[in-house]
Amino acid sequence: MITAGVDIGSVGTKALILEDGKILSTEIMPTGSRPKITAQMVLAKALAKVKLKPDDVRHVVSTGYGRRVVDFGEKTITEISACAQGVKFLGAPKGTVRTIIDLGGQDIKVITLDDEGNTKDFVMNDKCAAGTGRFLEVIAHALEIELAKLGELALQAKQTITINATCTVFAESEVISLLAQDVKKQDIIAGIVDSIAERIAAMSNKIGMRPTVAFTGGGAQNIGLVKSLEKKLDTEMYIPELPQFINALGSALVAQRLQSLR
Amino acid sequence: MKTDFEKRYQRAPLHRPAEKVSARVRAASEDLAARLHKQPDRLVSLPYYEELFTTEKRKKELQILNRKVVGTYCYFAPEELIYASGDVPIRLCSGHSDTITTAEELLPRDICPLVKSSFGFPILGDGWIDACDVIALPTSCDAKTKLGEYLADYLPVWMINLPKIKNYDGLKEYWLKEIKLFLHKLEELNGKKVKAPELKNALQLLKRRAELYRAMYELRLAHPLLLSHQDLLMVVQSSFYDDLPRWINQTELLYNEMKKASATGKYAAKGKRLMITGAPIIWPNFKILNIITELGSTVVADDMCAGHQRLWDYAEPDEWTLEGMLEAVAARYIFPSVCPCFTTSYDRIDKILHLAREAKVDGVIYHDLRLCQIFDMEKDLVVKVLKENQIPVITLHTDYGQEDVEQLRTRIEAFLEMIL
Ligand code: SF4
Ligand code: SF4
């Protein structure tokens, strides 16, 4: 039986098609201003990749900020549960995951799992975009660098400077004034990445993280951030393949359970 | 009229009447009332209370009434003394978000929404403060302490010097004196002394209110949806404005209706049973409660100064001397209070644990208003102890605005999924 999970995030919308625990296809698009239409398109594209029609899908479960706007899902779950489900399913090669750090477009989440892999507790950033994917985008823009290259560049830094501002807008102006002082872009990026890692580490410590730590969401693709965070948390992290699709995967898994309930 | 702020330095009061802002304030109340109106199987005694928020009837009544109106803030302005003096207390702590920008013309932005919201009204020349003759303001948190000097531009203000350390000796030494000073100011205002029988009557009236509330609360524990928590807070907060004997009569009707309705067995809690603790949730800022309802769960308890705590406590009127009664009043405002303006959070933690267990809650929501330091600083220990007692808890850091409703929904929904 085939199910789908659709994760309508603040920045990207993702779809994942699952058949009996096997991932068939994935698709991602910017969410844009019309999440409902984007969600339909992403799902259609993911299906088209493996030559499936909407009718072939038994159940769809949606998650993410836009979860309530879609009209095809039979059930919605929050991205916290979806993420926990996805990670639990994937397992980790070096021990069982007990903590998940998820860095999305407008959220940082730290989720702790109990010994059964169910959500035990979670924290999220409040009402503020500092350190989120959106924050990285703004900084990349100010530096005129592609978002995807930020991570690599951070690793090339010769010295690390400290970025003081924790607010997106102020951090942007801090970056601009550093540029004006001729500070190397690599060093600035390393400073930014460190400041985000600092914030995430503080959240993780507060909630009581236990290894193994999994890192998911778009932020996990930033290698500079991964390294900095591993240093701050003093633990190696597990980064699943397709880190951006974990929530969609979790939703598709929940959709499979809908099936078995019948 | 006497004020605690002699005009040594002056600032002209800022007046900024704005029909648009006032219209938005009215609309916010009307929208909430309309929303509450649509709740399924709602008791018929409830629309009475809505009117206190959506109409100006009571305000007009106060304006023609031949009684002095004392505007109060917080939990600590002694109602007993105000009633005993023949005056009317009106609590001015506000939950409206629409007056905040108005207040920010004068107040700094970085103070809590409750204080900014309340202060928007005198600038607009709108709201309950319009009907007040004098303001009684306790020095509870920093924001309230400093608000007096601003309010003094508009009305005479009496500060009530609240002790921050709960200590029995200090209470007699100093808080009792403060209570007497407050009584003295009231006597000066009215040009007559308060006698023991008058204070006794006031104590009895407030005890009646507490008994009625307690009966209602206990009945509701068994049948929570007799009153949604929104309705419960509406009933409690309407008592801040209504004529007290009339409110008691009406609430007796409500209680009788609740008793009858409880026999139908229709009013069991839906979904999870939750408790809410933290910064005051004041009409019409019921967004968290509305989200919980939309997610199919039920709030069954709170410990708030504009909620449960306000009507639960009373001073026992079994003393016969004025002195004895004043001591009872003094004690009532210090020992049972769980306001975080006191130095320790231990009493509050005990109270939360007690209420949570009594109401058999599945989880606790800690409501934290942005820029309210004292609730924020108490959070860590409260959360820790709750978790140690196997009570799941989530903290929500928010303000009066609507823009984070979806984020809040995600957090609360994830919390509900978690405590499944
Ligand atoms: S919590 Fe305390 S300081 Fe805050 S409004 Fe209530 S009584 Fe006043
Ligand atoms: S206790 Fe907190 S919420 Fe209440 S008035 Fe003071 S700062 Fe504002």
# chains A, B, ... in the order shown; residues from 1 in each chain; ligands from 1

$ select_by_dssp --residues "range 85-255 of chain B" --states "strand (DSSP E or B)" --output "list in words"
Val88, Pro89, Ile90, Arg91, Val134, Ile135, Ala136, Leu137, Pro138, Val157, Trp158, Met159 and Ile160 of chain B

$ residues_around --residues "range 109-122 of chain A" --least-positions-apart "5" --cutoff "6 Å" --atoms "only C-alpha atoms" --output "MDAnalysis selection string"
(chainID A and resid 88 98:102) or (chainID B and resid 418)

$ write_last_selection --atoms "all heavy atoms" --output "CSV table (one decimal), in the first residue's frame"
chain,number,residue,atom,x,y,z
A,88,LYS,N,12.5,7.9,14.5
A,88,LYS,CA,12.4,6.5,15.1
A,88,LYS,C,12.4,5.4,14.1
A,88,LYS,O,13.1,4.4,14.2
A,88,LYS,CB,11.0,6.5,15.9
A,88,LYS,CG,10.7,5.2,16.6
A,88,LYS,CD,9.4,5.3,17.3
A,88,LYS,CE,9.0,4.0,17.9
A,88,LYS,NZ,7.6,4.0,18.4
A,98,ARG,N,18.0,9.6,21.0
A,98,ARG,CA,17.3,10.1,22.2
A,98,ARG,C,17.0,11.6,22.1
A,98,ARG,O,16.2,12.1,22.9
A,98,ARG,CB,18.1,9.8,23.5
A,98,ARG,CG,18.2,8.3,23.8
A,98,ARG,CD,16.9,7.8,24.4
A,98,ARG,NE,16.9,6.4,24.5
A,98,ARG,CZ,16.4,5.5,23.6
A,98,ARG,NH1,15.7,6.0,22.5
A,98,ARG,NH2,16.4,4.2,23.8
A,99,THR,N,17.6,12.3,21.2
A,99,THR,CA,17.4,13.7,21.1
A,99,THR,C,17.4,14.1,19.6
A,99,THR,O,18.3,13.6,18.9
A,99,THR,CB,18.5,14.5,21.8
A,99,THR,OG1,18.7,14.0,23.1
A,99,THR,CG2,18.2,16.0,21.8
A,100,ILE,N,16.5,14.9,19.2
A,100,ILE,CA,16.4,15.4,17.8
A,100,ILE,C,16.6,16.9,17.8
A,100,ILE,O,15.9,17.6,18.6
A,100,ILE,CB,15.1,15.0,17.1
A,100,ILE,CG1,14.8,13.5,17.2
A,100,ILE,CG2,15.2,15.5,15.7
A,100,ILE,CD1,13.4,13.2,16.8
A,101,ILE,N,17.5,17.4,17.0
A,101,ILE,CA,17.5,18.8,16.8
A,101,ILE,C,17.0,19.1,15.4
A,101,ILE,O,17.5,18.4,14.5
A,101,ILE,CB,19.0,19.3,17.0
A,101,ILE,CG1,19.4,19.2,18.4
A,101,ILE,CG2,19.1,20.8,16.6
A,101,ILE,CD1,20.9,19.4,18.6
A,102,ASP,N,16.0,19.9,15.3
A,102,ASP,CA,15.5,20.1,13.9
A,102,ASP,C,15.5,21.6,13.6
A,102,ASP,O,15.0,22.4,14.4
A,102,ASP,CB,14.0,19.6,13.9
A,102,ASP,CG,13.3,19.8,12.6
A,102,ASP,OD1,13.6,19.1,11.7
A,102,ASP,OD2,12.6,20.8,12.4
B,418,MET,N,1.8,14.6,22.6
B,418,MET,CA,2.9,14.1,23.5
B,418,MET,C,2.3,13.4,24.7
B,418,MET,O,2.8,12.3,25.1
B,418,MET,CB,3.8,15.2,23.9
B,418,MET,CG,5.1,14.7,24.6
B,418,MET,SD,6.1,16.1,25.1
B,418,MET,CE,5.5,16.4,26.7

$ residues_near_ligand --ligand "ligand 1" --cutoff "7 Å" --atoms "only C-alpha atoms and all ligand atoms" --output "list of chain:residue names"
B:Tyr73, B:Cys74, B:Tyr75, B:Phe76, B:Cys93, B:Ser140, B:Cys141, B:Ala279, B:Pro280, B:Cys305, B:Ala306, B:Cys339, B:Pro340, B:Cys341

$ residues_near_ligand --ligand "ligand 2" --cutoff "12 Å" --atoms "only C-alpha atoms and all ligand atoms" --output "ChimeraX atom specification"
/B:73-75,92-95,110-119,137-147,278-282,304-306,338-342,367-378,397-400

$ interface_residues --of "chain A" --to "chain B" --cutoff "7 Å" --atoms "only C-alpha atoms" --output "ChimeraX atom specification"
/A:78,80-81,119-120,126-127

$ residues_around --residues "Pro13 in chain B" --least-positions-apart "3" --cutoff "8 Å" --atoms "only C-alpha atoms" --output "PDB file with C-alpha atoms, in the first residue's frame"
ATOM      1  CA  ILE B 123      -4.854  58.274  26.853  1.00  0.00           C
ATOM      2  CA  ASP B 153      -1.191  62.697  35.244  1.00  0.00           C
ATOM      3  CA  TYR B 154      -4.834  61.731  34.914  1.00  0.00           C
TER       4      TYR B 154
END

$ select_by_dssp --residues "range 122-295 of chain B" --states "helix (DSSP H, G or I)" --output "PyMOL selection string"
chain B and resi 122-124+128-131+142-151+168-190+196-222+224-226+229-238+244-262+287-294

$ closest_residue --among "A:Lys14, A:Arg58, A:Arg67, A:Lys75" --to "Lys45 in chain A" --atoms "only C-alpha atoms"
A:Lys14

$ atom_distance --atom1 "CA of Gly265 in chain B" --atom2 "CA of Arg357 in chain B"
22.6 Å

$ residues_around --residues "Ile90 in chain B" --least-positions-apart "6" --cutoff "10 Å" --atoms "only C-alpha atoms" --output "short mmCIF file (atom, residue, chain, number, x, y, z; two decimals) with N, CA, C and O atoms, in the first residue's frame"
data_model
loop_
_atom_site.label_atom_id
_atom_site.label_comp_id
_atom_site.auth_asym_id
_atom_site.auth_seq_id
_atom_site.Cartn_x
_atom_site.Cartn_y
_atom_site.Cartn_z
N VAL B 69 -15.80 55.79 42.88
CA VAL B 69 -15.29 54.60 42.19
C VAL B 69 -13.76 54.56 42.33
O VAL B 69 -13.08 55.52 41.96
N VAL B 70 -13.25 53.46 42.86
CA VAL B 70 -11.81 53.31 43.06
C VAL B 70 -11.27 52.33 42.02
O VAL B 70 -11.62 51.15 42.03
N GLY B 71 -10.47 52.83 41.12
CA GLY B 71 -9.84 51.95 40.13
C GLY B 71 -8.71 51.18 40.80
O GLY B 71 -7.90 51.77 41.51
N THR B 72 -8.66 49.87 40.60
CA THR B 72 -7.61 49.08 41.26
C THR B 72 -6.84 48.27 40.22
O THR B 72 -7.30 48.07 39.10
N TYR B 73 -5.67 47.83 40.63
CA TYR B 73 -4.88 46.92 39.81
C TYR B 73 -4.50 45.73 40.67
O TYR B 73 -4.41 45.85 41.90
N GLU B 79 -10.35 45.08 48.54
CA GLU B 79 -11.76 45.29 48.19
C GLU B 79 -12.62 45.48 49.42
O GLU B 79 -13.59 46.23 49.40
N TRP B 128 -13.01 51.72 31.52
CA TRP B 128 -13.51 51.85 32.89
C TRP B 128 -12.86 52.99 33.65
O TRP B 128 -13.45 53.58 34.55
N ILE B 129 -11.62 53.30 33.31
CA ILE B 129 -10.89 54.31 34.07
C ILE B 129 -11.59 55.67 34.00
O ILE B 129 -11.49 56.49 34.91
N ALA B 131 -14.58 56.16 34.52
CA ALA B 131 -15.60 56.25 35.56
C ALA B 131 -14.98 56.35 36.95
O ALA B 131 -15.70 56.42 37.94
N CYS B 132 -13.63 56.35 37.01
CA CYS B 132 -12.97 56.28 38.33
C CYS B 132 -12.73 57.67 38.93
O CYS B 132 -12.50 58.64 38.22
N ILE B 135 -7.29 56.13 41.93
CA ILE B 135 -6.70 54.84 41.59
C ILE B 135 -5.90 54.30 42.77
O ILE B 135 -5.13 55.04 43.39
N ALA B 136 -6.10 53.03 43.07
CA ALA B 136 -5.32 52.36 44.12
C ALA B 136 -4.42 51.35 43.45
O ALA B 136 -4.88 50.40 42.83
N SER B 238 -16.10 39.50 35.24
CA SER B 238 -17.24 40.43 35.26
C SER B 238 -17.44 40.95 36.68
O SER B 238 -17.95 42.05 36.88
N SER B 239 -17.01 40.16 37.67
CA SER B 239 -17.16 40.63 39.05
C SER B 239 -16.22 41.79 39.35
O SER B 239 -16.37 42.46 40.36
N PHE B 240 -15.27 42.05 38.48
CA PHE B 240 -14.40 43.22 38.66
C PHE B 240 -15.17 44.52 38.40
O PHE B 240 -14.72 45.58 38.78
N TYR B 241 -16.28 44.39 37.68
CA TYR B 241 -16.99 45.59 37.23
C TYR B 241 -18.41 45.70 37.78
O TYR B 241 -18.93 46.78 37.96
N ASP B 242 -19.05 44.55 38.00
CA ASP B 242 -20.47 44.56 38.30
C ASP B 242 -20.73 45.04 39.72
O ASP B 242 -19.85 45.04 40.57
N ASP B 243 -21.99 45.43 39.96
CA ASP B 243 -22.45 45.69 41.30
C ASP B 243 -22.42 44.35 42.04
O ASP B 243 -23.00 43.37 41.57
#

$ atom_distance --atom1 "CA of Leu189 in chain B" --atom2 "CA of Glu149 in chain B"
20.1 Å
